[in-house]
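Source file: coords-v2.cif; contents: mmCIF, C-alpha atoms.
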data_upload
#
loop_
_atom_site.label_atom_id
_atom_site.label_comp_id
_atom_site.auth_asym_id
_atom_site.auth_seq_id
_atom_site.Cartn_x
_atom_site.Cartn_y
_atom_site.Cartn_z
CA MET I 1 0.00 0.00 0.00
CA PRO I 2 1.60 3.35 -1.04
CA TYR I 3 2.90 5.39 1.86
CA HIS I 4 1.19 8.59 0.74
CA ILE I 5 -2.17 6.76 0.84
CA ILE I 6 -1.38 5.58 4.39
CA LEU I 7 -0.53 9.12 5.50
CA ILE I 8 -3.58 10.84 4.02
CA THR I 9 -5.85 8.11 5.40
CA LEU I 10 -4.43 8.60 8.89
CA LEU I 11 -5.03 12.35 8.47
CA ALA I 12 -8.62 11.54 7.50
CA ALA I 13 -8.89 9.45 10.69
CA LEU I 14 -7.94 12.47 12.81
CA LEU I 15 -10.44 14.70 11.01
CA HIS I 16 -13.14 12.05 11.35
CA ALA I 17 -12.70 11.73 15.11
CA SER I 18 -12.79 15.52 15.39
CA TRP I 19 -16.14 16.03 13.66
CA ASN I 20 -17.68 13.11 15.55
CA ALA I 21 -16.56 14.75 18.79
CA LEU I 22 -18.25 17.99 17.73
CA LEU I 23 -21.45 16.05 17.01
CA ARG I 24 -21.28 14.13 20.30
CA GLY I 25 -20.79 17.37 22.23
CA GLY I 26 -23.83 19.07 20.68
CA SER I 27 -27.10 19.45 22.58
CA ASP I 28 -29.37 18.71 19.59
CA ARG I 29 -27.48 16.17 17.52
CA LEU I 30 -30.00 15.78 14.70
CA THR I 31 -29.98 19.52 14.06
CA SER I 32 -26.18 19.58 14.37
CA MET I 33 -25.78 16.71 11.90
CA THR I 34 -28.14 18.31 9.39
CA THR I 35 -26.32 21.64 9.77
CA MET I 36 -23.03 19.84 9.06
CA CYS I 37 -24.56 18.36 5.89
CA ILE I 38 -25.80 21.80 4.78
CA SER I 39 -22.33 23.21 5.29
CA VAL I 40 -20.91 20.41 3.14
CA PHE I 41 -23.60 20.90 0.49
CA VAL I 42 -22.88 24.61 0.06
CA SER I 43 -19.12 24.07 -0.33
CA CYS I 44 -19.51 21.14 -2.74
CA ALA I 45 -22.23 22.79 -4.86
CA ILE I 46 -19.93 25.75 -5.50
CA MET I 47 -16.89 23.61 -6.30
CA ALA I 48 -18.89 21.23 -8.52
CA LEU I 49 -19.45 24.09 -10.99
CA PHE I 50 -15.77 23.89 -11.92
CA PHE I 51 -15.55 20.12 -12.46
CA PRO I 52 -17.02 17.76 -15.06
CA THR I 53 -20.18 15.79 -14.36
CA PRO I 54 -19.43 12.25 -13.11
CA ALA I 55 -19.72 9.54 -15.76
CA GLN I 56 -23.17 8.04 -16.18
CA GLU I 57 -21.90 4.69 -14.91
CA SER I 58 -21.53 6.23 -11.44
CA TRP I 59 -25.02 7.79 -11.12
CA LEU I 60 -26.61 4.74 -9.52
CA PHE I 61 -23.77 4.62 -7.00
CA LEU I 62 -24.34 8.31 -6.22
CA LEU I 63 -28.03 7.78 -5.54
CA ALA I 64 -27.41 4.69 -3.41
CA SER I 65 -24.67 6.51 -1.49
CA GLY I 66 -26.97 9.42 -0.67
CA ILE I 67 -29.56 7.04 0.78
CA LEU I 68 -26.98 5.04 2.74
CA HIS I 69 -25.29 8.14 4.15
CA THR I 70 -28.65 9.48 5.35
CA GLY I 71 -29.32 6.19 7.14
CA TYR I 72 -25.84 6.32 8.65
CA ASN I 73 -26.39 9.87 9.92
CA LEU I 74 -29.69 8.96 11.59
CA PHE I 75 -28.26 5.83 13.22
CA LEU I 76 -25.19 7.72 14.45
CA VAL I 77 -27.32 10.46 16.02
CA ARG I 78 -29.48 7.84 17.74
CA SER I 79 -26.39 5.97 19.00
CA TYR I 80 -24.97 9.08 20.67
CA ARG I 81 -28.20 9.70 22.62
CA ALA I 82 -27.58 6.82 25.01
CA GLY I 83 -23.92 5.85 24.70
CA GLU I 84 -20.60 7.38 25.64
CA PHE I 85 -18.50 8.75 22.80
CA GLY I 86 -15.70 6.37 23.81
CA GLN I 87 -18.04 3.35 23.47
CA VAL I 88 -20.37 4.11 20.56
CA TYR I 89 -17.56 5.23 18.28
CA PRO I 90 -15.42 2.04 18.62
CA ILE I 91 -18.35 -0.30 17.98
CA ALA I 92 -19.59 1.62 14.95
CA ARG I 93 -16.14 1.99 13.44
CA GLY I 94 -14.64 -1.34 14.51
CA SER I 95 -17.37 -3.48 12.98
CA SER I 96 -16.99 -1.99 9.50
CA PRO I 97 -13.48 -2.94 8.18
CA ILE I 98 -14.21 -6.69 8.00
CA LEU I 99 -17.62 -6.02 6.42
CA ILE I 100 -16.00 -3.72 3.87
CA THR I 101 -13.29 -6.27 3.09
CA LEU I 102 -15.96 -8.92 2.45
CA GLY I 103 -18.10 -6.51 0.45
CA ALA I 104 -15.16 -5.39 -1.69
CA ALA I 105 -14.26 -9.02 -2.39
CA LEU I 106 -17.82 -9.92 -3.40
CA MET I 107 -18.80 -6.74 -5.24
CA ALA I 108 -15.51 -5.42 -6.64
CA GLY I 109 -13.43 -8.59 -6.86
CA GLU I 110 -10.72 -7.24 -4.55
CA HIS I 111 -8.25 -9.62 -2.94
CA ILE I 112 -5.64 -8.79 -0.32
CA THR I 113 -2.74 -10.72 1.20
CA SER I 114 -3.16 -12.87 4.30
CA VAL I 115 -0.83 -10.52 6.20
CA ALA I 116 -2.98 -7.50 5.34
CA LEU I 117 -6.12 -9.44 6.29
CA PHE I 118 -4.60 -10.31 9.67
CA GLY I 119 -3.75 -6.63 10.13
CA ILE I 120 -7.39 -5.70 9.42
CA LEU I 121 -8.58 -8.31 11.93
CA LEU I 122 -6.22 -6.91 14.57
CA ILE I 123 -7.44 -3.37 13.97
CA SER I 124 -11.11 -4.40 14.20
CA ALA I 125 -10.51 -6.48 17.33
CA GLY I 126 -8.56 -3.70 18.99
CA ILE I 127 -11.21 -1.12 18.14
CA ILE I 128 -14.18 -3.17 19.34
CA SER I 129 -12.37 -4.12 22.56
CA LEU I 130 -12.36 -0.43 23.47
CA ALA I 131 -16.11 -0.57 23.99
CA PHE I 132 -15.96 -3.22 26.72
CA LYS I 133 -16.43 -2.38 30.36
CA GLY I 134 -15.01 -5.38 32.16
CA ARG I 135 -16.27 -8.38 30.19
CA LYS I 136 -19.44 -6.73 28.96
CA ILE I 137 -20.44 -4.02 26.55
CA ALA I 138 -22.60 -1.83 28.75
CA LEU I 139 -24.16 0.10 25.91
CA PRO I 140 -27.94 0.71 25.68
CA SER I 141 -27.58 1.86 22.07
CA LEU I 142 -25.65 -1.26 20.95
CA PRO I 143 -28.10 -2.16 18.11
CA TYR I 144 -27.82 1.35 16.70
CA ALA I 145 -24.02 1.33 16.97
CA LEU I 146 -23.86 -1.98 15.09
CA GLY I 147 -26.38 -0.69 12.56
CA THR I 148 -24.15 2.34 12.06
CA GLY I 149 -21.25 -0.01 11.32
CA CYS I 150 -23.33 -1.79 8.65
CA PHE I 151 -24.19 1.53 7.01
CA ILE I 152 -20.48 2.48 7.05
CA ALA I 153 -19.59 -0.74 5.25
CA ALA I 154 -22.38 -0.34 2.70
CA TYR I 155 -21.63 3.26 1.74
CA SER I 156 -17.87 2.70 1.75
CA VAL I 157 -18.05 -0.12 -0.81
CA THR I 158 -20.62 1.86 -2.82
CA ASP I 159 -18.43 4.96 -2.91
CA GLY I 160 -15.26 3.00 -3.61
CA MET I 161 -16.86 1.46 -6.69
CA GLY I 162 -18.61 4.69 -7.67
CA ALA I 163 -15.44 6.78 -7.52
CA ARG I 164 -13.64 4.29 -9.78
CA SER I 165 -16.42 4.47 -12.38
CA ALA I 166 -16.95 8.25 -12.26
CA GLY I 167 -14.05 9.24 -14.51
CA ASN I 168 -13.09 11.97 -12.04
CA VAL I 169 -12.79 11.11 -8.35
CA LEU I 170 -13.21 14.68 -7.12
CA SER I 171 -16.37 15.14 -9.20
CA TYR I 172 -17.83 12.03 -7.60
CA ILE I 173 -16.98 13.30 -4.10
CA LEU I 174 -18.62 16.68 -4.75
CA TRP I 175 -21.80 15.25 -6.25
CA MET I 176 -22.12 12.58 -3.58
CA CYS I 177 -21.87 15.19 -0.83
CA CYS I 178 -24.46 17.39 -2.54
CA ILE I 179 -26.91 14.49 -2.80
CA GLU I 180 -26.32 13.52 0.82
CA GLY I 181 -26.97 17.11 1.91
CA LEU I 182 -30.26 17.26 0.00
CA PHE I 183 -31.44 13.91 1.36
CA MET I 184 -30.53 14.89 4.92
CA VAL I 185 -32.44 18.18 4.73
CA LEU I 186 -35.50 16.41 3.28
CA THR I 187 -35.31 13.82 6.06
CA TYR I 188 -35.04 16.55 8.70
CA CYS I 189 -38.09 18.31 7.28
CA LEU I 190 -40.07 15.05 7.51
CA LEU I 191 -39.07 14.56 11.14
CA ARG I 192 -39.21 18.17 12.32
CA SER I 193 -40.22 21.66 11.31
CA PRO I 194 -37.96 23.19 8.60
CA GLN I 195 -37.95 26.48 10.54
CA GLU I 196 -35.86 24.87 13.26
CA LEU I 197 -32.89 24.72 10.90
CA LEU I 198 -33.01 28.48 10.39
CA ARG I 199 -33.00 29.35 14.07
CA PRO I 200 -29.76 29.99 15.94
CA PHE I 201 -28.80 27.25 18.40
CA PRO I 202 -25.82 26.71 20.71
CA GLY I 203 -22.93 25.29 18.73
CA LYS I 204 -24.27 26.13 15.26
CA GLY I 205 -20.96 27.70 14.24
CA MET I 206 -19.06 24.62 15.43
CA ALA I 207 -21.45 22.40 13.49
CA MET I 208 -20.68 24.36 10.31
CA ILE I 209 -16.96 23.86 10.96
CA GLY I 210 -17.61 20.19 11.69
CA GLY I 211 -19.22 19.88 8.27
CA GLN I 212 -16.03 21.03 6.59
CA LEU I 213 -14.01 18.54 8.65
CA MET I 214 -16.47 15.83 7.60
CA LEU I 215 -16.02 16.79 3.93
CA LEU I 216 -12.22 16.72 4.14
CA ALA I 217 -12.21 13.45 6.09
CA TYR I 218 -14.46 11.42 3.85
CA GLY I 219 -13.37 13.05 0.59
CA THR I 220 -9.82 11.96 1.40
CA VAL I 221 -11.01 8.42 2.13
CA ILE I 222 -12.93 8.14 -1.16
CA TYR I 223 -9.80 9.20 -3.03
CA ALA I 224 -7.75 6.62 -1.12
CA MET I 225 -10.29 3.87 -1.88
CA SER I 226 -10.04 4.69 -5.58
CA GLN I 227 -6.29 4.04 -5.38
CA ALA I 228 -5.97 1.14 -2.92
CA PRO I 229 -7.97 -1.87 -1.61
CA MET I 230 -11.11 -0.67 0.19
CA GLY I 231 -10.74 -2.96 3.19
CA MET I 232 -7.21 -1.78 3.93
CA VAL I 233 -8.14 1.89 3.56
CA SER I 234 -11.16 1.39 5.81
CA ALA I 235 -9.10 -0.31 8.51
CA LEU I 236 -6.62 2.55 8.50
CA ARG I 237 -9.42 5.11 8.60
CA GLU I 238 -10.95 3.44 11.62
CA THR I 239 -7.79 4.11 13.58
CA SER I 240 -9.61 7.36 14.23
CA VAL I 241 -10.67 5.62 17.45
CA LEU I 242 -7.16 6.27 18.77
CA PHE I 243 -7.78 9.97 18.31
CA ALA I 244 -11.31 9.53 19.70
CA LEU I 245 -9.82 8.00 22.86
CA LEU I 246 -7.70 11.08 23.45
CA ILE I 247 -10.55 13.45 22.60
CA GLY I 248 -12.92 11.58 24.91
CA HIS I 249 -10.34 11.71 27.70
CA PHE I 250 -9.30 15.34 27.45
CA PHE I 251 -12.56 17.00 26.34
CA PHE I 252 -15.33 14.74 27.73
CA LYS I 253 -13.38 13.61 30.84
CA GLU I 254 -13.83 9.93 29.94
CA HIS I 255 -11.48 7.54 31.76
CA LEU I 256 -8.42 6.35 29.81
CA SER I 257 -7.67 2.98 31.40
CA LEU I 258 -4.69 0.67 30.96
CA LYS I 259 -6.97 -1.72 29.03
CA ARG I 260 -7.76 0.98 26.51
CA VAL I 261 -4.07 1.70 26.08
CA ALA I 262 -3.51 -2.02 25.43
CA SER I 263 -6.33 -2.00 22.84
CA GLY I 264 -4.64 0.95 21.17
CA SER I 265 -1.41 -1.05 20.97
CA ILE I 266 -3.24 -3.87 19.15
CA ILE I 267 -4.57 -1.33 16.65
CA VAL I 268 -1.07 0.05 16.06
CA ALA I 269 0.20 -3.50 15.43
CA GLY I 270 -2.49 -3.93 12.79
CA ILE I 271 -1.47 -0.66 11.14
CA LEU I 272 2.13 -1.84 10.93
CA LEU I 273 1.05 -5.09 9.26
CA ILE I 274 -1.02 -3.23 6.67
CA GLY I 275 1.77 -0.73 6.05
#
As structure tokens - that is how I would like this structure written.
Amino acid sequence: MPYHIILITLLAALLHASWNALLRGGSDRLTSMTTMCISVFVSCAIMALFFPTPAQESWLFLLASGILHTGYNLFLVRSYRAGEFGQVYPIARGSSPILITLGAALMAGEHITSVALFGILLISAGIISLAFKGRKIALPSLPYALGTGCFIAAYSVTDGMGARSAGNVLSYILWMCCIEGLFMVLTYCLLRSPQELLRPFPGKGMAMIGGQLMLLAYGTVIYAMSQAPMGMVSALRETSVLFALLIGHFFFKEHLSLKRVASGSIIVAGILLIG
């Protein structure tokens, strides 16, 4: 796997943990998430004017991605209502690399080495172990966290294949984000009053910034998946839990135990195997 792909994916992991922390810290997470998507939509709609339209072969992927991302957003918001950031995030992110590896093999015909596969398994195991308290996962929102992981796997494989068929990776990223933004606003209007989006709320400015972090994080990942095996890129991206651990500890005062440090070491070992 090229070293520049490893580096930009690790950067995406940091950005991803950062915008999730902004969402977790918000008082009204559905409004915050929708505001993030609006922020992304505005930026991408402007930039899309200067790039070619994605190839027709990618349009079905774009539509499917918009639907899957909307489902992911709703499940993530619901997960954070009942669970700690340091628990929900590892389960959602840790369950996806193996699913993506399987999906990429079935849908895109990707095959990776046994060493890389073992690295992915280590990363997933290390990530999911972070959610345990003792021998149990004390998480009321466990079904939603696992559902979030399934959505992550589904949209990641969809976008990996879509970006490869679009003719221009950046065009695909911009159009996908615009479609996601539109779908998220429509969903919000079905669930709540549209006027609520126009009203000021605590943290609205941070949500707008979080949207730009979200765009940079996932746009970088889509580019990486167009250049390298999806499962390996996904596993590296999910190392964002290491950054989430530190964010949860320093900003949300969540306990950073020796067990969590050990889990982080397992994740690092997996990264070394992939690299």
(request) Please evaluate the PyMOL selection byres ((chain I and resi 267) around 12) against the displayed coordinates and give the resulting residues as a count of residues only. (result) 38
(message) Using all atoms listed in the file, can you tell me which of I:Ser18, I:Ser226, I:Ser96, I:Thr31 comes closest to Gly203 (chain I)?
(response) I:Thr31
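You can rank I:Leu7, I:Leu76, I:Cys189, I:Met33 by their closest distance to Phe151 (chain I) using all atoms listed in the file, and at the top of that list sits I:Leu76.
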(request) Kindly give the distance, in Å, that separates CA of Ser32 (chain I) and CA of Met230 (chain I), rounded to a single decimal. (result)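 About the pair CA of Ser32 (chain I) and CA of Met230 (chain I): they are 29.0 Å apart.
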(request) Kindly resolve the PyMOL selection byres ((chain I and resi 47) around 12) on the present coordinates and return the residues as a PyMOL selection string. (result) chain I and resi 40-46+48-53+170-175+177-178
(message) List as an MDAnalysis selection string the protein and nucleic acid residues near region 61-69 of chain I, meaning an atom at most 7 Å away when only C-alpha atoms are counted, but skip any in the same chain fewer than 3 places from it.
(response) chainID I and resid 58 72:73 151 155 158:159 162 176 179:180 183
(message) Using all atoms listed in the file, which protein or nucleic acid residues come within 7 Å of Glu110 (chain I)? Drop anything in the same chain fewer than 4 positions from it, and give the result as a ChimeraX atom specification.
(response) /I:104-105,229
(message) Restricting the calculation to all atoms listed in the file: of I:Leu106, I:Leu74, I:Leu146, I:Val115, which residue gets closest to Arg93 (chain I)?
(response)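 Result for the nearest residue to Arg93 (chain I): I:Leu146.
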(message) If I take CA of Gln56 (chain I) and CA of Gly109 (chain I), how far is one from the other in Å, to one decimal?
(response)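 Rounded to one decimal, the two atoms are 21.4 Å apart.
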Would you list the contacts of Ile5 (chain I) as a PDB file with C-alpha atoms, in the coordinates of the input, taking every protein, DNA or RNA residue within 8 Å and counting all atoms listed in the file, but skipping same-chain residues closer than 4 positions in sequence?
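Output file part08.pdb is given in full below:
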ATOM      1  CA  MET I   1       0.000   0.000   0.000  1.00  0.00           C
ATOM      2  CA  THR I   9      -5.850   8.110   5.400  1.00  0.00           C
ATOM      3  CA  ALA I 224      -7.750   6.620  -1.120  1.00  0.00           C
ATOM      4  CA  GLN I 227      -6.290   4.040  -5.380  1.00  0.00           C
ATOM      5  CA  ALA I 228      -5.970   1.140  -2.920  1.00  0.00           C
TER       6      ALA I 228
END
